[in-house]
>>> print(open('target.cif').read())   # mmCIF, C-alpha atoms, pLDDT in the B column; chains and numbers go by the auth columns
data_start
loop_
_atom_site.group_PDB
_atom_site.id
_atom_site.type_symbol
_atom_site.label_atom_id
_atom_site.label_comp_id
_atom_site.label_asym_id
_atom_site.label_seq_id
_atom_site.Cartn_x
_atom_site.Cartn_y
_atom_site.Cartn_z
_atom_site.B_iso_or_equiv
_atom_site.auth_seq_id
_atom_site.auth_asym_id
ATOM 1 C CA SER A 1 29.325 -145.723 62.184 37.00 574 Z
ATOM 2 C CA SER A 2 26.947 -143.006 63.152 37.00 575 Z
ATOM 3 C CA PRO A 3 28.159 -139.639 64.368 39.00 576 Z
ATOM 4 C CA THR A 4 28.411 -139.165 68.100 38.00 577 Z
ATOM 5 C CA ALA A 5 25.819 -137.015 69.825 38.00 578 Z
ATOM 6 C CA ARG A 6 26.661 -133.354 70.226 37.00 579 Z
ATOM 7 C CA GLY A 7 25.857 -131.137 73.138 40.00 580 Z
ATOM 8 C CA GLU A 8 26.338 -127.405 73.187 38.00 581 Z
ATOM 9 C CA GLY A 9 30.004 -126.588 72.669 40.00 582 Z
ATOM 10 C CA GLU A 10 30.982 -130.176 71.873 43.00 583 Z
ATOM 11 C CA LYS A 11 32.980 -131.023 68.781 49.00 584 Z
ATOM 12 C CA SER A 12 31.169 -133.214 66.271 50.00 585 Z
ATOM 13 C CA THR A 13 33.026 -136.437 65.554 52.00 586 Z
ATOM 14 C CA MET A 14 32.480 -139.742 63.836 49.00 587 Z
ATOM 15 C CA ALA A 15 34.225 -143.032 64.367 54.00 588 Z
ATOM 16 C CA ALA A 16 36.248 -144.500 61.544 56.00 589 Z
ATOM 17 C CA PRO A 17 35.035 -147.825 60.146 62.00 590 Z
ATOM 18 C CA THR A 18 36.039 -150.895 62.155 74.00 591 Z
ATOM 19 C CA PRO A 19 38.429 -153.159 60.247 82.00 592 Z
ATOM 20 C CA SER A 20 37.279 -156.677 59.380 88.00 593 Z
ATOM 21 C CA GLU A 21 38.844 -159.776 60.920 92.00 594 Z
ATOM 22 C CA ASP A 22 40.551 -160.414 57.546 92.00 595 Z
ATOM 23 C CA ASP A 23 41.988 -156.863 57.539 91.00 596 Z
ATOM 24 C CA ILE A 24 43.320 -157.354 61.073 92.00 597 Z
ATOM 25 C CA GLN A 25 44.890 -160.706 60.146 93.00 598 Z
ATOM 26 C CA GLU A 26 46.448 -159.247 56.994 92.00 599 Z
ATOM 27 C CA ALA A 27 47.895 -156.240 58.867 91.00 600 Z
ATOM 28 C CA PHE A 28 49.456 -158.585 61.454 94.00 601 Z
ATOM 29 C CA ASP A 29 50.799 -161.006 58.836 93.00 602 Z
ATOM 30 C CA VAL A 30 52.633 -158.237 56.961 91.00 603 Z
ATOM 31 C CA PHE A 31 54.937 -157.829 59.967 91.00 604 Z
ATOM 32 C CA GLU A 32 54.952 -161.394 61.289 90.00 605 Z
ATOM 33 C CA ALA A 33 57.289 -162.838 58.671 80.00 606 Z
ATOM 34 C CA ASP A 34 59.458 -164.991 60.963 80.00 607 Z
ATOM 35 C CA ASP A 35 56.664 -167.403 61.977 82.00 608 Z
ATOM 36 C CA ILE A 36 57.314 -166.734 65.669 88.00 609 Z
ATOM 37 C CA GLY A 37 53.724 -165.599 66.263 91.00 610 Z
ATOM 38 C CA CYS A 38 54.573 -162.110 67.483 94.00 611 Z
ATOM 39 C CA ILE A 39 55.451 -158.690 66.101 94.00 612 Z
ATOM 40 C CA SER A 40 57.457 -155.895 67.697 92.00 613 Z
ATOM 41 C CA ILE A 41 55.932 -152.934 69.486 90.00 614 Z
ATOM 42 C CA ALA A 42 57.091 -150.621 66.666 90.00 615 Z
ATOM 43 C CA ASP A 43 55.535 -152.899 64.030 92.00 616 Z
ATOM 44 C CA THR A 44 52.348 -153.122 66.097 91.00 617 Z
ATOM 45 C CA MET A 45 52.032 -149.331 66.014 89.00 618 Z
ATOM 46 C CA VAL A 46 52.611 -149.229 62.250 89.00 619 Z
ATOM 47 C CA ALA A 47 50.154 -152.085 61.624 90.00 620 Z
ATOM 48 C CA ILE A 48 47.414 -150.424 63.711 89.00 621 Z
ATOM 49 C CA ARG A 49 47.895 -147.205 61.755 83.00 622 Z
ATOM 50 C CA GLY A 50 47.791 -149.255 58.561 84.00 623 Z
ATOM 51 C CA LEU A 51 44.274 -150.279 59.554 85.00 624 Z
ATOM 52 C CA GLY A 52 43.267 -146.621 59.380 78.00 625 Z
ATOM 53 C CA TYR A 53 43.599 -145.642 63.030 80.00 626 Z
ATOM 54 C CA THR A 54 45.392 -142.401 63.898 76.00 627 Z
ATOM 55 C CA PRO A 55 46.215 -142.477 67.622 78.00 628 Z
ATOM 56 C CA THR A 56 49.190 -140.603 69.011 77.00 629 Z
ATOM 57 C CA ASN A 57 52.177 -142.633 70.221 81.00 630 Z
ATOM 58 C CA LYS A 58 51.120 -141.902 73.804 84.00 631 Z
ATOM 59 C CA GLN A 59 47.565 -143.152 73.142 82.00 632 Z
ATOM 60 C CA MET A 60 48.923 -146.276 71.452 85.00 633 Z
ATOM 61 C CA LEU A 61 51.272 -147.089 74.318 87.00 634 Z
ATOM 62 C CA GLU A 62 48.497 -146.572 76.884 89.00 635 Z
ATOM 63 C CA GLN A 63 46.132 -148.844 74.926 88.00 636 Z
ATOM 64 C CA MET A 64 48.856 -151.465 74.482 90.00 637 Z
ATOM 65 C CA GLY A 65 49.377 -151.457 78.249 90.00 638 Z
ATOM 66 C CA LYS A 66 45.647 -152.020 78.771 89.00 639 Z
ATOM 67 C CA CYS A 67 45.817 -154.952 76.327 86.00 640 Z
ATOM 68 C CA GLY A 68 48.813 -156.507 78.113 86.00 641 Z
ATOM 69 C CA ILE A 69 51.288 -155.767 75.328 89.00 642 Z
ATOM 70 C CA ASP A 70 54.715 -154.934 76.768 86.00 643 Z
ATOM 71 C CA SER A 71 57.532 -156.272 74.584 86.00 644 Z
ATOM 72 C CA ALA A 72 56.026 -158.186 71.673 91.00 645 Z
ATOM 73 C CA CYS A 73 52.497 -158.560 70.367 94.00 646 Z
ATOM 74 C CA SER A 74 50.781 -161.865 69.620 94.00 647 Z
ATOM 75 C CA PHE A 75 47.937 -162.021 67.106 94.00 648 Z
ATOM 76 C CA ALA A 76 45.390 -162.433 69.924 93.00 649 Z
ATOM 77 C CA ASN A 77 46.685 -159.251 71.583 93.00 650 Z
ATOM 78 C CA PHE A 78 46.841 -157.467 68.228 94.00 651 Z
ATOM 79 C CA ARG A 79 43.208 -158.378 67.495 93.00 652 Z
ATOM 80 C CA HIS A 80 42.176 -157.142 70.945 91.00 653 Z
ATOM 81 C CA LEU A 81 44.117 -153.910 70.387 91.00 654 Z
ATOM 82 C CA ALA A 82 42.637 -153.380 66.909 90.00 655 Z
ATOM 83 C CA ASN A 83 39.143 -153.816 68.322 87.00 656 Z
ATOM 84 C CA SER A 84 39.737 -151.468 71.249 85.00 657 Z
ATOM 85 C CA VAL A 85 41.543 -148.523 69.654 81.00 658 Z
ATOM 86 C CA THR A 86 39.193 -145.621 69.003 72.00 659 Z
ATOM 87 C CA ASN A 87 39.538 -143.309 66.068 64.00 660 Z
ATOM 88 C CA GLU A 88 37.320 -140.297 66.439 66.00 661 Z
ATOM 89 C CA VAL A 89 37.521 -137.846 63.553 65.00 662 Z
ATOM 90 C CA GLY A 90 36.325 -134.254 63.891 70.00 663 Z
ATOM 91 C CA ALA A 91 35.297 -131.812 61.170 72.00 664 Z
ATOM 92 C CA THR A 92 38.682 -130.054 61.279 75.00 665 Z
ATOM 93 C CA GLU A 93 40.612 -133.291 60.744 71.00 666 Z
ATOM 94 C CA LEU A 94 38.207 -134.513 58.080 73.00 667 Z
ATOM 95 C CA ALA A 95 38.336 -131.208 56.175 75.00 668 Z
ATOM 96 C CA ALA A 96 42.165 -131.256 56.398 76.00 669 Z
ATOM 97 C CA ALA A 97 42.216 -134.770 54.930 74.00 670 Z
ATOM 98 C CA PHE A 98 39.907 -133.753 52.083 77.00 671 Z
ATOM 99 C CA LYS A 99 41.997 -130.594 51.531 79.00 672 Z
ATOM 100 C CA LEU A 100 44.800 -132.840 50.263 78.00 673 Z
ATOM 101 C CA PHE A 101 42.668 -133.196 47.123 81.00 674 Z
ATOM 102 C CA ASP A 102 42.176 -129.409 46.817 82.00 675 Z
ATOM 103 C CA THR A 103 44.753 -128.961 44.057 82.00 676 Z
ATOM 104 C CA THR A 104 43.571 -125.425 43.218 83.00 677 Z
ATOM 105 C CA ASP A 105 43.638 -124.198 46.861 86.00 678 Z
ATOM 106 C CA ARG A 106 40.033 -122.949 46.542 86.00 679 Z
ATOM 107 C CA GLY A 107 38.482 -125.109 49.252 85.00 680 Z
ATOM 108 C CA THR A 108 37.078 -127.636 46.791 87.00 681 Z
ATOM 109 C CA MET A 109 37.986 -130.968 45.281 86.00 682 Z
ATOM 110 C CA SER A 110 36.831 -132.371 41.985 85.00 683 Z
ATOM 111 C CA GLY A 111 33.916 -134.755 41.791 84.00 684 Z
ATOM 112 C CA LYS A 112 36.320 -137.207 40.149 84.00 685 Z
ATOM 113 C CA ASP A 113 38.626 -137.120 43.206 84.00 686 Z
ATOM 114 C CA PHE A 114 35.602 -137.518 45.472 81.00 687 Z
ATOM 115 C CA VAL A 115 34.519 -140.599 43.488 80.00 688 Z
ATOM 116 C CA GLY A 116 38.034 -142.010 43.948 79.00 689 Z
ATOM 117 C CA ILE A 117 37.784 -141.502 47.710 78.00 690 Z
ATOM 118 C CA LEU A 118 34.374 -143.190 47.835 75.00 691 Z
ATOM 119 C CA GLN A 119 35.651 -146.195 45.906 72.00 692 Z
ATOM 120 C CA ALA A 120 38.892 -146.529 47.899 71.00 693 Z
ATOM 121 C CA TRP A 121 37.400 -145.985 51.373 66.00 694 Z
ATOM 122 C CA ASN A 122 37.382 -148.867 53.814 53.00 695 Z
ATOM 123 C CA GLN A 123 33.920 -149.989 52.673 59.00 696 Z
ATOM 124 C CA LYS A 124 35.005 -149.826 48.986 67.00 697 Z
ATOM 125 C CA LEU A 125 31.786 -148.730 47.312 72.00 698 Z
ATOM 126 C CA SER A 126 31.003 -150.426 44.035 78.00 699 Z
ATOM 127 C CA GLN A 127 30.559 -148.402 40.843 80.00 700 Z
ATOM 128 C CA ALA A 128 26.758 -148.742 41.171 85.00 701 Z
ATOM 129 C CA GLU A 129 26.812 -147.624 44.834 82.00 702 Z
ATOM 130 C CA THR A 130 29.045 -144.677 43.945 80.00 703 Z
ATOM 131 C CA GLU A 131 26.736 -143.613 41.108 82.00 704 Z
ATOM 132 C CA GLU A 132 23.728 -143.818 43.452 84.00 705 Z
ATOM 133 C CA PHE A 133 25.560 -141.748 46.084 78.00 706 Z
ATOM 134 C CA LEU A 134 26.429 -139.092 43.496 81.00 707 Z
ATOM 135 C CA ARG A 135 22.854 -139.069 42.164 83.00 708 Z
ATOM 136 C CA LEU A 136 21.412 -138.567 45.653 78.00 709 Z
ATOM 137 C CA ALA A 137 23.924 -135.787 46.353 78.00 710 Z
ATOM 138 C CA SER A 138 23.272 -134.164 42.938 81.00 711 Z
ATOM 139 C CA LEU A 139 26.965 -134.477 42.029 82.00 712 Z
ATOM 140 C CA THR A 140 28.833 -135.541 38.920 83.00 713 Z
ATOM 141 C CA GLU A 141 32.498 -136.285 38.341 80.00 714 Z
ATOM 142 C CA SER A 142 32.811 -132.777 36.883 86.00 715 Z
ATOM 143 C CA SER A 143 31.286 -131.142 40.004 86.00 716 Z
ATOM 144 C CA SER A 144 33.272 -129.273 42.626 87.00 717 Z
ATOM 145 C CA VAL A 145 32.861 -130.433 46.213 84.00 718 Z
ATOM 146 C CA ASN A 146 33.420 -127.918 49.044 84.00 719 Z
ATOM 147 C CA VAL A 147 35.716 -129.740 51.482 79.00 720 Z
ATOM 148 C CA VAL A 148 34.547 -127.920 54.638 80.00 721 Z
ATOM 149 C CA SER A 149 30.855 -128.369 53.796 81.00 722 Z
ATOM 150 C CA LEU A 150 31.456 -132.018 52.995 76.00 723 Z
ATOM 151 C CA ALA A 151 33.182 -132.600 56.346 73.00 724 Z
ATOM 152 C CA GLU A 152 30.424 -130.797 58.242 74.00 725 Z
ATOM 153 C CA THR A 153 27.726 -132.717 56.359 73.00 726 Z
ATOM 154 C CA MET A 154 29.365 -136.062 57.055 68.00 727 Z
ATOM 155 C CA LEU A 155 29.425 -135.260 60.771 65.00 728 Z
ATOM 156 C CA ALA A 156 25.959 -133.691 61.037 62.00 729 Z
#
>>> encode(input="target.cif", output="structure tokens")
Amino acid sequence: SSPTARGEGEKSTMAAPTPSEDDIQEAFDVFEADDIGCISIADTMVAIRGLGYTPTNKQMLEQMGKCGIDSACSFANFRHLANSVTNEVGATELAAAFKLFDTTDRGTMSGKDFVGILQAWNQKLSQAETEEFLRLASLTESSSVNVVSLAETMLA
């Protein structure tokens, strides 16, 4: 997804990737083990977060209400919810996530860790795509990547 437009004083954000229909089905199926066609509200919240969304409990409950989910969640409602939850990520949150890989507490992560993130991300870049990305960014697996600059660049 492309970053959202910024006006003066606005926080730069980008939307997280939208999960595929297969991802949504798989997330639902993990919790729908009894073949009753529904999952609990608690499981719905966990499954949505498992798709990569990070809403607060309050945001989740509000969105569930808008989707007509009150006591149990059918797959149709779950799909609607998964396609309607927003997941805006700002530079602060993105830098904090990348900081988890800053094992030396110097504001950087290794190029090797960055490659791992690229290959594990929702779009799962292939080895060739990862190598091309690194080449274009003038990075190697032995490079250091500044986590704050990376977050700001991704949202620019």
>>> closest_residue(input="target.cif", among="Z:Asp608, Z:Pro592, Z:Ala645, Z:Cys640", to="Tyr626 of chain Z", atoms="only C-alpha atoms")
Z:Pro592
>>> residues_around(input="target.cif", residues="Ala620 of chain Z", least_positions_apart="5", cutoff="10 Å", atoms="all atoms listed in the file", output="PDB file with C-alpha atoms, in the frame of the given file")
ATOM      1  CA  ILE Z 597      43.320-157.354  61.073  1.00 92.00           C
ATOM      2  CA  GLU Z 599      46.448-159.247  56.994  1.00 92.00           C
ATOM      3  CA  ALA Z 600      47.895-156.240  58.867  1.00 91.00           C
ATOM      4  CA  PHE Z 601      49.456-158.585  61.454  1.00 94.00           C
ATOM      5  CA  ASP Z 602      50.799-161.006  58.836  1.00 93.00           C
ATOM      6  CA  VAL Z 603      52.633-158.237  56.961  1.00 91.00           C
ATOM      7  CA  PHE Z 604      54.937-157.829  59.967  1.00 91.00           C
ATOM      8  CA  ILE Z 612      55.451-158.690  66.101  1.00 94.00           C
ATOM      9  CA  ILE Z 614      55.932-152.934  69.486  1.00 90.00           C
ATOM     10  CA  ALA Z 615      57.091-150.621  66.666  1.00 90.00           C
ATOM     11  CA  GLY Z 625      43.267-146.621  59.380  1.00 78.00           C
ATOM     12  CA  TYR Z 626      43.599-145.642  63.030  1.00 80.00           C
ATOM     13  CA  PHE Z 651      46.841-157.467  68.228  1.00 94.00           C
ATOM     14  CA  ALA Z 655      42.637-153.380  66.909  1.00 90.00           C
TER      15      ALA Z 655
END
>>> resolve_selection(input="target.cif", expression="the PyMOL selection byres ((chain Z and resi 714) around 9)", output="number ranges by chain")
Z: 683-688, 707, 712-713, 715-717
>>> resolve_selection(input="target.cif", expression="the PyMOL selection byres ((chain Z and resi 703) around 12)", output="VMD selection string")
chain Z and resid 684 to 685 687 to 694 696 to 702 704 to 710 712 to 714
>>> residues_around(input="target.cif", residues="Asp675 of chain Z", least_positions_apart="2", cutoff="12 Å", atoms="all atoms listed in the file", output="MDAnalysis selection string")
chainID Z and resid 668:673 677:687 717:721
>>> atom_distance(input="target.cif", atom1="atom CA of Thr659 of chain Z", atom2="atom CA of Cys611 of chain Z")
22.6 Å
>>> resolve_selection(input="target.cif", expression="the PyMOL selection byres ((chain Z and resi 647) around 10)", output="number ranges by chain")
Z: 601, 605, 609-613, 617, 642, 645-646, 648-653
>>> atom_distance(input="target.cif", atom1="atom CA of Gly641 of chain Z", atom2="atom CA of Val658 of chain Z")
13.7 Å
>>> atom_distance(input="target.cif", atom1="atom CA of Gln632 of chain Z", atom2="atom CA of Asp595 of chain Z")
24.3 Å
>>> decode(input="target.cif", residues="segment 661-674 of chain Z", atoms="all heavy atoms", output="PDB file, in the first residue's frame")
ATOM      1  N   GLU Z 661      -3.118   1.291  10.407  1.00  0.00           N
ATOM      2  CA  GLU Z 661      -2.179   2.346  10.060  1.00  0.00           C
ATOM      3  C   GLU Z 661      -0.951   2.259  10.971  1.00  0.00           C
ATOM      4  O   GLU Z 661      -1.075   2.105  12.183  1.00  0.00           O
ATOM      5  CB  GLU Z 661      -2.844   3.709  10.220  1.00  0.00           C
ATOM      6  CG  GLU Z 661      -4.021   3.917   9.286  1.00  0.00           C
ATOM      7  CD  GLU Z 661      -3.614   4.257   7.878  1.00  0.00           C
ATOM      8  OE1 GLU Z 661      -2.724   5.111   7.718  1.00  0.00           O
ATOM      9  OE2 GLU Z 661      -4.182   3.677   6.942  1.00  0.00           O
ATOM     10  N   VAL Z 662       0.204   2.353  10.385  1.00  0.00           N
ATOM     11  CA  VAL Z 662       1.460   2.275  11.126  1.00  0.00           C
ATOM     12  C   VAL Z 662       2.219   3.577  10.913  1.00  0.00           C
ATOM     13  O   VAL Z 662       2.456   3.980   9.775  1.00  0.00           O
ATOM     14  CB  VAL Z 662       2.322   1.086  10.626  1.00  0.00           C
ATOM     15  CG1 VAL Z 662       3.635   1.035  11.362  1.00  0.00           C
ATOM     16  CG2 VAL Z 662       1.559  -0.217  10.782  1.00  0.00           C
ATOM     17  N   GLY Z 663       2.597   4.231  12.007  1.00  0.00           N
ATOM     18  CA  GLY Z 663       3.373   5.459  11.928  1.00  0.00           C
ATOM     19  C   GLY Z 663       4.856   5.182  12.102  1.00  0.00           C
ATOM     20  O   GLY Z 663       5.276   4.069  12.434  1.00  0.00           O
ATOM     21  N   ALA Z 664       5.669   6.200  11.861  1.00  0.00           N
ATOM     22  CA  ALA Z 664       7.124   6.051  11.951  1.00  0.00           C
ATOM     23  C   ALA Z 664       7.561   5.597  13.334  1.00  0.00           C
ATOM     24  O   ALA Z 664       8.463   4.768  13.463  1.00  0.00           O
ATOM     25  CB  ALA Z 664       7.815   7.364  11.575  1.00  0.00           C
ATOM     26  N   THR Z 665       6.918   6.098  14.375  1.00  0.00           N
ATOM     27  CA  THR Z 665       7.291   5.720  15.749  1.00  0.00           C
ATOM     28  C   THR Z 665       7.068   4.233  15.971  1.00  0.00           C
ATOM     29  O   THR Z 665       7.940   3.527  16.499  1.00  0.00           O
ATOM     30  CB  THR Z 665       6.484   6.540  16.770  1.00  0.00           C
ATOM     31  OG1 THR Z 665       6.725   7.924  16.529  1.00  0.00           O
ATOM     32  CG2 THR Z 665       6.861   6.196  18.193  1.00  0.00           C
ATOM     33  N   GLU Z 666       5.892   3.738  15.549  1.00  0.00           N
ATOM     34  CA  GLU Z 666       5.579   2.320  15.733  1.00  0.00           C
ATOM     35  C   GLU Z 666       6.490   1.440  14.884  1.00  0.00           C
ATOM     36  O   GLU Z 666       6.951   0.397  15.322  1.00  0.00           O
ATOM     37  CB  GLU Z 666       4.111   2.045  15.370  1.00  0.00           C
ATOM     38  CG  GLU Z 666       3.104   2.711  16.267  1.00  0.00           C
ATOM     39  CD  GLU Z 666       2.732   4.133  15.837  1.00  0.00           C
ATOM     40  OE1 GLU Z 666       3.284   4.641  14.835  1.00  0.00           O
ATOM     41  OE2 GLU Z 666       1.907   4.747  16.524  1.00  0.00           O
ATOM     42  N   LEU Z 667       6.736   1.878  13.652  1.00  0.00           N
ATOM     43  CA  LEU Z 667       7.585   1.106  12.753  1.00  0.00           C
ATOM     44  C   LEU Z 667       9.021   1.046  13.273  1.00  0.00           C
ATOM     45  O   LEU Z 667       9.638  -0.020  13.300  1.00  0.00           O
ATOM     46  CB  LEU Z 667       7.539   1.710  11.347  1.00  0.00           C
ATOM     47  CG  LEU Z 667       8.105   0.894  10.205  1.00  0.00           C
ATOM     48  CD1 LEU Z 667       7.465  -0.487  10.130  1.00  0.00           C
ATOM     49  CD2 LEU Z 667       7.901   1.632   8.890  1.00  0.00           C
ATOM     50  N   ALA Z 668       9.543   2.178  13.736  1.00  0.00           N
ATOM     51  CA  ALA Z 668      10.900   2.204  14.295  1.00  0.00           C
ATOM     52  C   ALA Z 668      10.973   1.319  15.542  1.00  0.00           C
ATOM     53  O   ALA Z 668      11.957   0.602  15.744  1.00  0.00           O
ATOM     54  CB  ALA Z 668      11.322   3.634  14.619  1.00  0.00           C
ATOM     55  N   ALA Z 669       9.920   1.344  16.373  1.00  0.00           N
ATOM     56  CA  ALA Z 669       9.905   0.505  17.586  1.00  0.00           C
ATOM     57  C   ALA Z 669       9.921  -0.976  17.209  1.00  0.00           C
ATOM     58  O   ALA Z 669      10.602  -1.782  17.859  1.00  0.00           O
ATOM     59  CB  ALA Z 669       8.679   0.832  18.437  1.00  0.00           C
ATOM     60  N   ALA Z 670       9.189  -1.337  16.157  1.00  0.00           N
ATOM     61  CA  ALA Z 670       9.191  -2.732  15.711  1.00  0.00           C
ATOM     62  C   ALA Z 670      10.570  -3.134  15.208  1.00  0.00           C
ATOM     63  O   ALA Z 670      11.086  -4.207  15.538  1.00  0.00           O
ATOM     64  CB  ALA Z 670       8.142  -2.931  14.617  1.00  0.00           C
ATOM     65  N   PHE Z 671      11.203  -2.279  14.411  1.00  0.00           N
ATOM     66  CA  PHE Z 671      12.538  -2.577  13.909  1.00  0.00           C
ATOM     67  C   PHE Z 671      13.558  -2.606  15.043  1.00  0.00           C
ATOM     68  O   PHE Z 671      14.533  -3.341  14.990  1.00  0.00           O
ATOM     69  CB  PHE Z 671      12.964  -1.574  12.842  1.00  0.00           C
ATOM     70  CG  PHE Z 671      12.256  -1.731  11.532  1.00  0.00           C
ATOM     71  CD1 PHE Z 671      11.862  -0.618  10.809  1.00  0.00           C
ATOM     72  CD2 PHE Z 671      11.991  -2.984  11.001  1.00  0.00           C
ATOM     73  CE1 PHE Z 671      11.209  -0.751   9.592  1.00  0.00           C
ATOM     74  CE2 PHE Z 671      11.332  -3.133   9.787  1.00  0.00           C
ATOM     75  CZ  PHE Z 671      10.943  -2.009   9.086  1.00  0.00           C
ATOM     76  N   LYS Z 672      13.331  -1.804  16.096  1.00  0.00           N
ATOM     77  CA  LYS Z 672      14.267  -1.729  17.217  1.00  0.00           C
ATOM     78  C   LYS Z 672      14.405  -3.079  17.924  1.00  0.00           C
ATOM     79  O   LYS Z 672      15.415  -3.352  18.561  1.00  0.00           O
ATOM     80  CB  LYS Z 672      13.843  -0.638  18.197  1.00  0.00           C
ATOM     81  CG  LYS Z 672      14.877  -0.357  19.263  1.00  0.00           C
ATOM     82  CD  LYS Z 672      14.922   1.112  19.587  1.00  0.00           C
ATOM     83  CE  LYS Z 672      15.909   1.436  20.671  1.00  0.00           C
ATOM     84  NZ  LYS Z 672      17.285   1.143  20.341  1.00  0.00           N
ATOM     85  N   LEU Z 673      13.417  -3.943  17.776  1.00  0.00           N
ATOM     86  CA  LEU Z 673      13.509  -5.283  18.361  1.00  0.00           C
ATOM     87  C   LEU Z 673      14.719  -6.044  17.809  1.00  0.00           C
ATOM     88  O   LEU Z 673      15.229  -6.955  18.442  1.00  0.00           O
ATOM     89  CB  LEU Z 673      12.230  -6.081  18.086  1.00  0.00           C
ATOM     90  CG  LEU Z 673      10.964  -5.551  18.744  1.00  0.00           C
ATOM     91  CD1 LEU Z 673       9.747  -6.332  18.249  1.00  0.00           C
ATOM     92  CD2 LEU Z 673      11.068  -5.616  20.251  1.00  0.00           C
ATOM     93  N   PHE Z 674      15.170  -5.654  16.624  1.00  0.00           N
ATOM     94  CA  PHE Z 674      16.316  -6.307  15.994  1.00  0.00           C
ATOM     95  C   PHE Z 674      17.627  -5.575  16.295  1.00  0.00           C
ATOM     96  O   PHE Z 674      18.678  -5.983  15.830  1.00  0.00           O
ATOM     97  CB  PHE Z 674      16.107  -6.400  14.476  1.00  0.00           C
ATOM     98  CG  PHE Z 674      14.940  -7.266  14.115  1.00  0.00           C
ATOM     99  CD1 PHE Z 674      13.679  -6.717  13.942  1.00  0.00           C
ATOM    100  CD2 PHE Z 674      15.096  -8.637  13.979  1.00  0.00           C
ATOM    101  CE1 PHE Z 674      12.601  -7.513  13.626  1.00  0.00           C
ATOM    102  CE2 PHE Z 674      14.026  -9.435  13.660  1.00  0.00           C
ATOM    103  CZ  PHE Z 674      12.765  -8.882  13.486  1.00  0.00           C
TER     104      PHE Z 674
END
